[in-house]
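Visitor: What follows is the file work-v8.txt, containing compact mmCIF, C-alpha atoms:
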# COMPACT_ATOMS: atom_id res chain seq x y z
CA MET O 51 -56.34 44.40 -7.78
CA LYS O 52 -57.18 42.52 -10.97
CA GLU O 53 -54.71 39.74 -11.75
CA PRO O 54 -53.16 39.76 -15.23
CA MET O 55 -54.72 37.17 -17.56
CA PRO O 56 -52.33 34.28 -18.26
CA ASP O 57 -51.07 34.18 -21.85
CA MET O 58 -52.82 31.34 -23.69
CA PHE O 59 -49.49 30.41 -25.33
CA ASP O 60 -47.23 30.58 -22.24
CA ASN O 61 -46.39 26.87 -22.27
CA VAL O 62 -45.94 26.77 -26.03
CA ARG O 63 -43.42 29.58 -25.80
CA LEU O 64 -41.35 27.53 -23.34
CA PHE O 65 -41.73 24.29 -25.24
CA GLY O 66 -41.27 25.19 -28.90
CA THR O 67 -38.13 25.50 -31.01
CA PRO O 68 -37.32 29.14 -31.81
CA MET O 69 -37.38 29.96 -35.53
CA GLN O 70 -33.91 30.29 -36.99
CA GLY O 71 -32.69 31.32 -40.40
CA LEU O 72 -29.53 31.09 -42.47
CA ALA O 73 -27.30 33.99 -43.35
CA LEU O 74 -28.62 34.66 -46.83
CA GLU O 75 -28.14 37.71 -49.02
CA THR O 76 -28.84 38.75 -52.57
CA ARG O 77 -26.02 39.70 -54.93
CA ALA O 78 -26.63 43.30 -53.84
CA LYS O 79 -26.03 42.27 -50.20
CA ASN O 80 -29.65 42.70 -49.16
CA VAL O 81 -30.72 40.29 -46.42
CA VAL O 82 -33.16 37.56 -47.44
CA ARG O 83 -35.42 36.60 -44.54
CA ASN O 84 -35.77 32.83 -44.11
CA VAL O 85 -36.69 30.11 -41.65
CA VAL O 86 -35.16 26.64 -41.47
CA GLY O 87 -38.18 24.37 -41.18
CA LEU O 88 -38.56 20.99 -39.55
CA GLU O 89 -37.77 17.99 -41.71
CA LYS O 90 -40.79 16.07 -40.42
CA VAL O 91 -44.31 16.63 -41.72
CA THR O 92 -47.61 15.42 -40.33
CA TRP O 93 -49.55 12.43 -41.56
CA GLY O 94 -52.22 14.76 -42.93
CA GLN O 95 -49.69 16.79 -44.91
CA LYS O 96 -48.22 13.60 -46.44
CA LYS O 97 -51.66 12.44 -47.41
CA LYS O 98 -52.56 15.79 -48.95
CA PHE O 99 -49.44 15.67 -51.14
CA GLU O 100 -50.17 12.10 -52.23
CA ASP O 101 -53.76 13.02 -53.08
CA MET O 102 -52.67 16.08 -55.08
CA CYS O 103 -50.08 14.03 -57.00
CA ALA O 104 -52.79 11.54 -57.90
CA LYS O 105 -55.33 14.21 -58.82
CA PHE O 106 -52.99 16.29 -61.00
CA HIS O 107 -50.87 13.38 -62.30
CA TRP O 108 -47.66 14.94 -61.05
CA GLU O 109 -44.43 12.93 -61.15
CA VAL O 110 -42.90 12.80 -57.68
CA ARG O 111 -39.22 13.63 -57.33
CA ARG O 112 -38.99 13.42 -53.56
CA PRO O 113 -41.40 12.81 -50.66
CA PRO O 114 -42.66 15.59 -48.37
CA THR O 115 -40.32 17.59 -46.17
CA GLY O 116 -40.94 20.65 -44.05
CA ALA O 117 -37.40 22.00 -44.33
CA TYR O 118 -38.02 24.47 -47.17
CA ASN O 119 -40.65 25.87 -49.51
CA CYS O 120 -40.75 26.71 -53.22
CA ALA O 121 -38.58 29.81 -52.90
CA GLY O 122 -36.20 27.94 -50.62
CA HIS O 123 -35.91 25.27 -53.30
CA VAL O 124 -34.85 27.71 -56.02
CA TRP O 125 -33.00 30.37 -54.01
CA ALA O 126 -31.76 28.73 -50.78
CA SER O 127 -30.51 25.35 -52.02
CA ARG O 128 -33.32 23.49 -50.24
CA ARG O 129 -32.03 24.58 -46.83
CA ALA O 130 -34.68 27.04 -45.64
CA GLY O 131 -38.11 28.46 -46.41
CA LEU O 132 -38.51 32.01 -47.75
CA HIS O 133 -41.92 33.24 -46.69
CA GLU O 134 -41.79 36.97 -47.39
CA THR O 135 -42.99 37.54 -50.95
CA ALA O 136 -41.50 41.06 -50.94
CA ASP O 137 -38.13 39.30 -50.74
CA TYR O 138 -38.93 37.34 -53.92
CA GLU O 139 -39.13 40.60 -55.85
CA MET O 140 -35.92 41.79 -54.23
CA ILE O 141 -34.07 38.63 -55.26
CA LEU O 142 -35.38 38.86 -58.84
CA THR O 143 -34.09 42.42 -59.09
CA ASP O 144 -30.83 42.08 -57.18
CA ASP O 145 -29.86 38.77 -58.79
CA GLY O 146 -30.65 39.96 -62.30
CA TYR O 147 -33.55 37.70 -63.22
CA ARG O 148 -35.08 39.27 -66.31
CA GLU O 149 -38.39 38.28 -67.85
CA LEU O 150 -38.14 36.15 -71.00
CA ASP O 151 -39.09 37.89 -74.23
CA GLN O 152 -42.04 36.56 -76.22
CA ASN O 153 -39.77 35.00 -78.84
CA GLU O 154 -37.45 33.32 -76.33
CA THR O 155 -37.82 29.70 -75.33
CA PRO O 156 -37.50 28.73 -71.67
CA ARG O 157 -34.50 26.58 -70.90
CA PRO O 158 -33.71 24.26 -67.99
CA GLY O 159 -32.65 26.33 -65.00
CA ASP O 160 -35.00 29.19 -65.82
CA LEU O 161 -37.69 30.00 -63.28
CA VAL O 162 -41.47 30.13 -63.57
CA LEU O 163 -43.11 32.66 -61.31
CA TYR O 164 -46.84 32.29 -60.69
CA ARG O 165 -48.68 35.44 -59.65
CA LEU O 166 -52.20 36.47 -58.72
CA VAL O 167 -54.01 38.26 -61.52
CA GLY O 168 -54.62 41.85 -60.49
CA SER O 169 -52.39 42.38 -57.48
CA GLY O 170 -49.44 40.52 -59.00
CA GLU O 171 -48.73 38.95 -55.60
CA PRO O 172 -46.37 35.96 -56.03
CA ILE O 173 -48.00 32.59 -55.37
CA HIS O 174 -45.28 30.14 -56.30
CA VAL O 175 -41.92 29.78 -58.00
CA GLY O 176 -40.65 26.65 -59.73
CA GLU O 177 -37.68 25.64 -61.87
CA VAL O 178 -37.91 24.70 -65.55
CA ILE O 179 -36.25 21.32 -65.90
CA GLN O 180 -37.12 20.20 -69.40
CA MET O 181 -38.82 21.11 -72.68
CA ARG O 182 -40.68 17.88 -73.25
CA ALA O 183 -41.80 17.22 -76.83
CA LEU O 184 -45.37 16.18 -77.45
CA ALA O 185 -45.68 12.60 -78.66
CA GLY O 186 -46.09 12.49 -82.45
CA VAL O 187 -45.46 16.20 -82.98
CA VAL O 188 -42.29 16.78 -85.00
CA GLY O 189 -40.48 20.10 -84.90
CA ALA O 190 -42.43 21.55 -82.02
CA ARG O 191 -40.30 23.10 -79.30
CA GLY O 192 -42.15 21.17 -76.62
CA ILE O 193 -43.89 22.01 -73.39
CA PRO O 194 -41.98 23.33 -70.38
CA TRP O 195 -41.87 20.92 -67.45
CA VAL O 196 -41.34 22.41 -64.06
CA LEU O 197 -39.92 21.06 -60.79
CA SER O 198 -41.95 22.43 -57.91
CA LYS O 199 -41.99 22.26 -54.15
CA PHE O 200 -45.59 23.34 -53.92
CA ASP O 201 -45.56 24.35 -50.28
CA SER O 202 -43.51 24.20 -47.11
CA THR O 203 -44.84 20.72 -46.24
CA SER O 204 -45.08 19.05 -49.64
CA GLY O 205 -42.63 16.95 -51.57
CA GLU O 206 -41.14 17.94 -54.92
CA ALA O 207 -43.05 17.11 -58.08
CA MET O 208 -42.59 17.53 -61.83
CA HIS O 209 -45.47 18.91 -63.87
CA THR O 210 -46.28 20.86 -67.01
CA VAL O 211 -46.22 24.60 -66.55
CA GLU O 212 -50.03 24.87 -66.68
CA ASN O 213 -50.76 21.90 -64.41
CA VAL O 214 -50.93 23.67 -61.04
CA PRO O 215 -53.64 23.55 -58.34
CA TYR O 216 -54.37 27.27 -57.93
CA ALA O 217 -57.60 27.42 -59.94
CA SER O 218 -59.03 24.74 -57.64
CA GLN O 219 -58.26 27.09 -54.72
CA GLY O 220 -60.36 29.79 -56.36
CA LEU O 221 -57.36 31.84 -57.46
CA GLN O 222 -56.88 33.53 -60.81
CA TYR O 223 -53.23 33.27 -61.69
CA GLN O 224 -50.79 34.04 -64.45
CA TYR O 225 -47.19 33.02 -64.88
CA GLU O 226 -44.00 34.45 -66.30
CA TYR O 227 -40.59 33.03 -67.05
CA ARG O 228 -37.54 34.56 -65.42
CA THR O 229 -33.94 33.88 -66.31
CA ASP O 230 -30.47 35.01 -65.34
CA ARG O 231 -29.21 34.22 -68.88
CA PRO O 232 -28.25 37.04 -71.23
CA ARG O 233 -30.69 37.77 -74.08
CA GLU O 234 -30.26 35.40 -76.99
CA GLY O 235 -27.76 36.84 -79.45
CA THR O 236 -26.03 38.91 -76.76
CA THR O 237 -23.29 38.08 -74.28
CA THR O 238 -24.35 40.32 -71.40
CA MET K 21 -65.84 19.80 -28.75
CA ILE K 22 -68.02 22.09 -30.85
CA PRO K 23 -68.54 20.33 -34.22
CA LEU K 24 -67.64 23.45 -36.21
CA LEU K 25 -64.28 23.65 -34.49
CA SER K 26 -63.56 19.94 -34.81
CA GLU K 27 -64.17 20.27 -38.56
CA LEU K 28 -61.16 22.59 -38.66
CA THR K 29 -58.94 19.68 -37.66
CA SER K 30 -60.32 17.31 -40.29
CA GLN K 31 -58.42 16.00 -43.30
CA GLU K 32 -61.28 17.28 -45.49
CA PHE K 33 -60.53 20.84 -44.37
CA GLU K 34 -56.79 20.39 -44.98
CA ASP K 35 -57.51 19.02 -48.47
CA ALA K 36 -60.06 21.75 -49.24
CA VAL K 37 -57.54 24.51 -48.45
CA GLY K 38 -54.97 22.96 -50.80
CA PRO K 39 -51.29 23.86 -50.94
CA LEU K 40 -50.04 26.23 -48.25
CA LEU K 41 -49.43 29.42 -50.19
CA PRO K 42 -47.49 32.47 -49.01
CA PRO K 43 -49.34 33.93 -46.00
CA ALA K 44 -50.95 36.88 -47.82
CA VAL K 45 -52.42 34.60 -50.49
CA LEU K 46 -53.33 31.78 -48.10
CA ARG K 47 -55.26 34.33 -46.04
CA MET K 48 -57.30 35.18 -49.14
CA VAL K 49 -58.06 31.49 -49.69
CA LEU K 50 -59.08 31.06 -46.04
CA LEU K 51 -61.25 34.20 -46.12
CA LYS K 52 -63.29 32.56 -48.89
CA ASN K 53 -63.52 29.21 -47.11
CA LEU K 54 -67.05 28.29 -46.03
CA LEU K 55 -66.04 26.76 -42.70
CA VAL K 56 -63.89 29.75 -41.75
CA ASN K 57 -66.83 32.04 -42.48
CA LYS K 58 -69.20 29.87 -40.45
CA ILE K 59 -66.87 30.05 -37.46
CA ALA K 60 -66.53 33.83 -37.81
CA ASP K 61 -70.34 34.15 -37.85
CA ALA K 62 -70.78 31.71 -34.97
CA PHE K 63 -68.38 33.71 -32.80
CA GLN K 64 -70.09 36.95 -33.70
CA THR K 65 -73.54 35.59 -32.84
CA GLY K 66 -72.37 33.79 -29.69
CA THR K 67 -73.00 30.24 -30.94
CA VAL K 68 -69.31 29.66 -30.37
CA THR K 69 -68.10 31.37 -27.22
CA LYS K 70 -64.64 32.52 -26.29
CA GLN K 71 -64.54 29.73 -23.71
CA ASN K 72 -65.21 27.21 -26.51
CA LEU K 73 -62.36 28.72 -28.48
CA ARG K 74 -60.07 28.84 -25.48
CA ASP K 75 -60.72 25.13 -24.80
CA PHE K 76 -60.12 24.30 -28.47
CA ILE K 77 -56.84 26.21 -28.60
CA ARG K 78 -55.69 24.68 -25.32
CA SER K 79 -56.42 21.15 -26.56
CA GLU K 80 -54.62 21.78 -29.86
CA VAL K 81 -51.46 23.30 -28.42
CA ALA K 82 -51.35 20.52 -25.81
CA GLU K 83 -50.45 18.26 -28.75
CA LEU K 84 -47.21 20.15 -29.34
CA ARG K 85 -44.06 18.02 -29.31
CA ARG K 86 -40.71 19.74 -29.59
CA GLY K 87 -39.15 19.17 -33.02
CA GLU K 88 -42.39 17.96 -34.61
CA PRO K 89 -44.86 20.06 -36.58
CA LEU K 90 -48.12 20.69 -34.76
CA SER K 91 -50.75 18.33 -36.18
CA HIS K 92 -53.42 20.96 -36.71
CA ASP K 93 -51.34 24.04 -37.30
CA LEU K 94 -53.55 24.94 -40.25
CA ALA K 95 -56.61 24.88 -37.96
CA LEU K 96 -55.05 27.60 -35.78
CA ALA K 97 -54.11 29.59 -38.89
CA ALA K 98 -57.72 29.34 -40.08
CA LEU K 99 -59.00 30.38 -36.66
CA ALA K 100 -56.80 33.48 -36.79
CA VAL K 101 -58.41 34.41 -40.12
CA ALA K 102 -61.90 33.69 -38.74
CA LEU K 103 -61.30 36.02 -35.78
CA GLU K 104 -59.42 38.68 -37.72
CA GLY K 105 -62.49 40.85 -38.20
CA SER K 106 -63.72 40.54 -34.61
CA PRO K 107 -63.25 43.61 -32.40
CA SER K 108 -63.23 41.43 -29.24
CA SER K 109 -60.34 41.47 -26.82
CA PHE K 110 -60.21 37.68 -27.06
CA ALA K 111 -59.52 37.88 -30.81
CA SER K 112 -56.75 40.39 -30.15
CA GLU K 113 -55.27 38.23 -27.42
CA PHE K 114 -55.29 35.14 -29.63
CA ILE K 115 -53.96 36.71 -32.81
CA SER K 116 -51.30 38.87 -31.19
CA GLY K 117 -50.23 36.01 -28.89
CA LEU K 118 -49.87 33.65 -31.83
CA ALA K 119 -48.03 36.24 -33.93
CA THR K 120 -45.33 36.64 -31.29
CA LEU K 121 -44.65 32.92 -30.84
CA ASP K 122 -41.96 32.49 -33.51
CA ILE K 123 -41.62 28.75 -33.01
CA VAL K 124 -40.93 26.47 -35.90
CA GLU K 125 -43.44 23.77 -34.91
CA MET K 126 -46.29 26.21 -35.59
CA GLN K 127 -44.88 28.27 -38.43
CA GLN K 128 -48.01 28.28 -40.60
CA SER K 129 -50.25 29.67 -37.88
CA VAL K 130 -47.59 32.10 -36.69
CA PHE K 131 -47.09 33.52 -40.20
CA MET K 132 -50.85 33.72 -40.67
CA ALA K 133 -51.33 35.52 -37.36
CA LYS K 134 -48.68 38.07 -38.40
CA GLU K 135 -50.60 38.60 -41.64
CA CYS K 136 -53.89 38.97 -39.75
CA MET K 137 -52.26 41.51 -37.44
CA LYS K 138 -51.34 43.64 -40.45
CA ASN K 139 -54.93 43.59 -41.65
CA ARG K 140 -56.37 44.26 -38.20
CA ARG K 141 -54.17 47.35 -37.98
CA ALA K 142 -55.30 48.45 -41.41
CA ALA K 143 -59.01 48.04 -40.60
CA PRO K 144 -61.01 51.19 -39.82
CA ARG K 145 -61.71 51.68 -36.13
CA THR K 146 -62.72 54.29 -33.59
CA GLU K 147 -59.84 55.73 -31.72
CA GLY K 148 -59.31 58.49 -29.17
CA ARG K 149 -57.57 61.60 -30.35
CA SER K 150 -56.36 64.67 -28.51
CA PHE K 151 -56.64 68.13 -29.93
CA GLN K 152 -54.71 71.28 -29.11
CA ILE K 153 -57.19 74.09 -28.77
CA SER K 154 -55.72 77.56 -29.05
CA PRO K 155 -56.96 80.07 -26.46
CA PRO K 156 -59.54 82.63 -27.56
CA PRO K 157 -58.33 86.12 -28.49
CA PRO K 158 -58.13 88.57 -25.58
CA LEU K 159 -61.31 90.48 -24.78
CA GLY K 160 -61.27 94.00 -26.06
CA ASP K 161 -63.54 96.37 -27.85
CA PRO K 162 -66.45 94.61 -29.54
CA LEU K 163 -65.98 94.04 -33.20
CA VAL K 164 -69.48 95.26 -33.98
CA GLU K 165 -71.03 98.11 -32.20
CA THR K 166 -74.76 97.97 -32.22
CA ARG K 167 -76.47 101.26 -32.19
CA VAL K 168 -80.15 101.54 -32.06
CA ASN K 169 -81.63 104.93 -32.47
CA TYR K 170 -84.88 105.41 -30.67
CA GLY K 171 -85.16 109.10 -30.74
CA ASP K 172 -82.53 110.66 -28.60
CA LYS K 173 -81.91 107.56 -26.53
CA ARG K 174 -78.82 105.66 -27.31
CA GLN K 175 -78.71 101.95 -26.74
CA PRO K 176 -75.59 100.85 -24.99
CA ALA K 177 -73.31 98.85 -27.25
CA GLY K 178 -73.88 95.10 -27.30
CA THR K 179 -77.30 95.16 -25.70
CA PHE K 180 -80.57 94.27 -27.33
CA GLY K 181 -83.12 95.51 -24.87
CA TYR K 182 -85.78 98.04 -25.67
CA ALA K 183 -84.72 101.58 -25.25
CA HIS K 184 -88.17 102.41 -24.05
CA GLN K 185 -89.55 99.49 -22.05
CA PRO K 186 -93.20 99.08 -23.01
CA ALA K 187 -95.65 98.51 -20.25
CA CYS K 188 -95.65 94.86 -19.38
CA ALA K 189 -99.05 93.18 -19.48
CA HIS K 190 -98.09 90.98 -16.54
CA ALA K 191 -96.62 93.72 -14.48
CA SER K 192 -98.14 94.35 -11.11
CA PRO K 193 -100.30 97.39 -10.94
Before anything else, please render the file you have as structure tokens.

Guide:
Amino acid sequence: MKEPMPDMFDNVRLFGTPMQGLALETRAKNVVRNVVGLEKVTWGQKKKFEDMCAKFHWEVRRPPTGAYNCAGHVWASRRAGLHETADYEMILTDDGYRELDQNETPRPGDLVLYRLVGSGEPIHVGEVIQMRALAGVVGARGIPWVLSKFDSTSGEAMHTVENVPYASQGLQYQYEYRTDRPREGTTT
Amino acid sequence: MIPLLSELTSQEFEDAVGPLLPPAVLRMVLLKNLLVNKIADAFQTGTVTKQNLRDFIRSEVAELRRGEPLSHDLALAALAVALEGSPSSFASEFISGLATLDIVEMQQSVFMAKECMKNRRAAPRTEGRSFQISPPPPLGDPLVETRVNYGDKRQPAGTFGYAHQPACAHASP
């Protein structure tokens, strides 16, 4: 009789730490899938973040950690990574994040959602932290600066809304602002 | 180690891939990556064998330390994408095995394998199907009655022979 082939990951299964998540729900009580990542990152991941910060002139807020990703930064208080992009849409709907109107200015605490052109698949979500005025330009409302945890192994960095690495990855992207604030001039 | 596979573990490859995007988008980036495509072709043509891949995977997972991220987790994620289109049983074994791991030290490759599984399922393939064949209607009177009129002779229904057999040229005298 033919012996069953040993699983190539048998030892890994015994050795690794099972993925665990936090109890996390939207305001509508829908479960948000998440994984609490490891704090440590590899040497290569640290170096990649340093190189990207230098290349894109990002301002570093904190060094790399593997504990959470971009969505975990904005929606899970930096405690876990949210890897299912379908859940991003669910959170936006259930938690009442509306898209900013053309005439509205982003404010700190609003979110920037980067999506693929065409499919609309979410790529990244960051938090608006500041409207930084351009030097020498009076009266302008300024450029939105965003705090981003670019991936599940990077650190956090501050950057202008347009200064993201996706074009260098061959991706066509667009972005939109989302907020939980009521429309300007209304109270609801 | 096969040079193509060792390139997967290089810092250049990690830098070239860029930030680790959500699995569906990262898969698209990896599908366009030159090295990933070279490995897919090499496996298809036999330049890289399944034994080469098995040795590579074994050496990479041997690096696993509990509570620490696997050094070349991205390499395994890229390998899953490279093998995604292969119909081989080895590719199935690798991708499905990785997808069921659910360990935090290898989360990038596990998420990518899950994504590759979705796309392998969605790919067109030949599959066996069973059909229910209903039995034929019961035999009864023929639907068409053939009548051939050769004079007074009547051809029996459903037969096509000559009513009057002509003399056969090959018949014995």

Visitor: Restrict the distance test to only C-alpha atoms, flag each residue of chain K within 6 Å of chain O, and return the flagged residues as a list in words.

Guide: Asp35, Pro39, Leu40, Arg86, Ser91, Asp122, Ile123 and Val124 of chain K

Visitor: So which one's closest to Glu100 (chain O), O:Gly122, O:Pro113, O:Pro156, O:Pro194? Using only C-alpha atoms, please.

Guide: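 Among the listed residues, O:Pro113 lies closest to Glu100 (chain O).
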
Visitor: Taking only C-alpha atoms into account, name the residue in K:Leu51, K:Leu46, K:Leu94, K:Val101 that is nearest to Gln127 (chain K).

Guide: K:Leu94

Visitor: Pick the closest to Ala117 (chain O) from O:Gly71, O:Tyr147, O:Ala104, O:Asp137: which is it, counting all atoms listed in the file?

Guide: O:Gly71

Visitor: CA of His123 (chain O) to CA of Val130 (chain K): how many Å, to one decimal?

Guide: 21.4 Å

Visitor: Point out the residue among K:Leu73, K:Asp93, K:Leu118, K:Phe63 with the least atom-to-atom distance to Gly105 (chain K), counting all atoms listed in the file.

Guide: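 Of K:Leu73, K:Asp93, K:Leu118, K:Phe63, the one nearest Gly105 (chain K), counting all atoms listed in the file, is K:Phe63.
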
Visitor: Identify, on the basis of all atoms listed in the file, every residue whose closest approach to Ala136 (chain O) does not exceed 12 Å; exclude the query and any residue fewer than 6 positions from it along the same chain; express the result as a list in words.

Guide: Val81, Val82, Arg83, Ala121, Leu142, Thr143, Gly170, Glu171, Pro172 and Ile173 of chain O; Pro42, Pro43 and Ala44 of chain K

Visitor: So which one's closest to Arg111 (chain O), O:Leu184, O:Ile179, O:Ala217, O:Leu72? Using all atoms listed in the file, please.

Guide: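 Among O:Leu184, O:Ile179, O:Ala217, O:Leu72, it is O:Ile179 that comes nearest to Arg111 (chain O).
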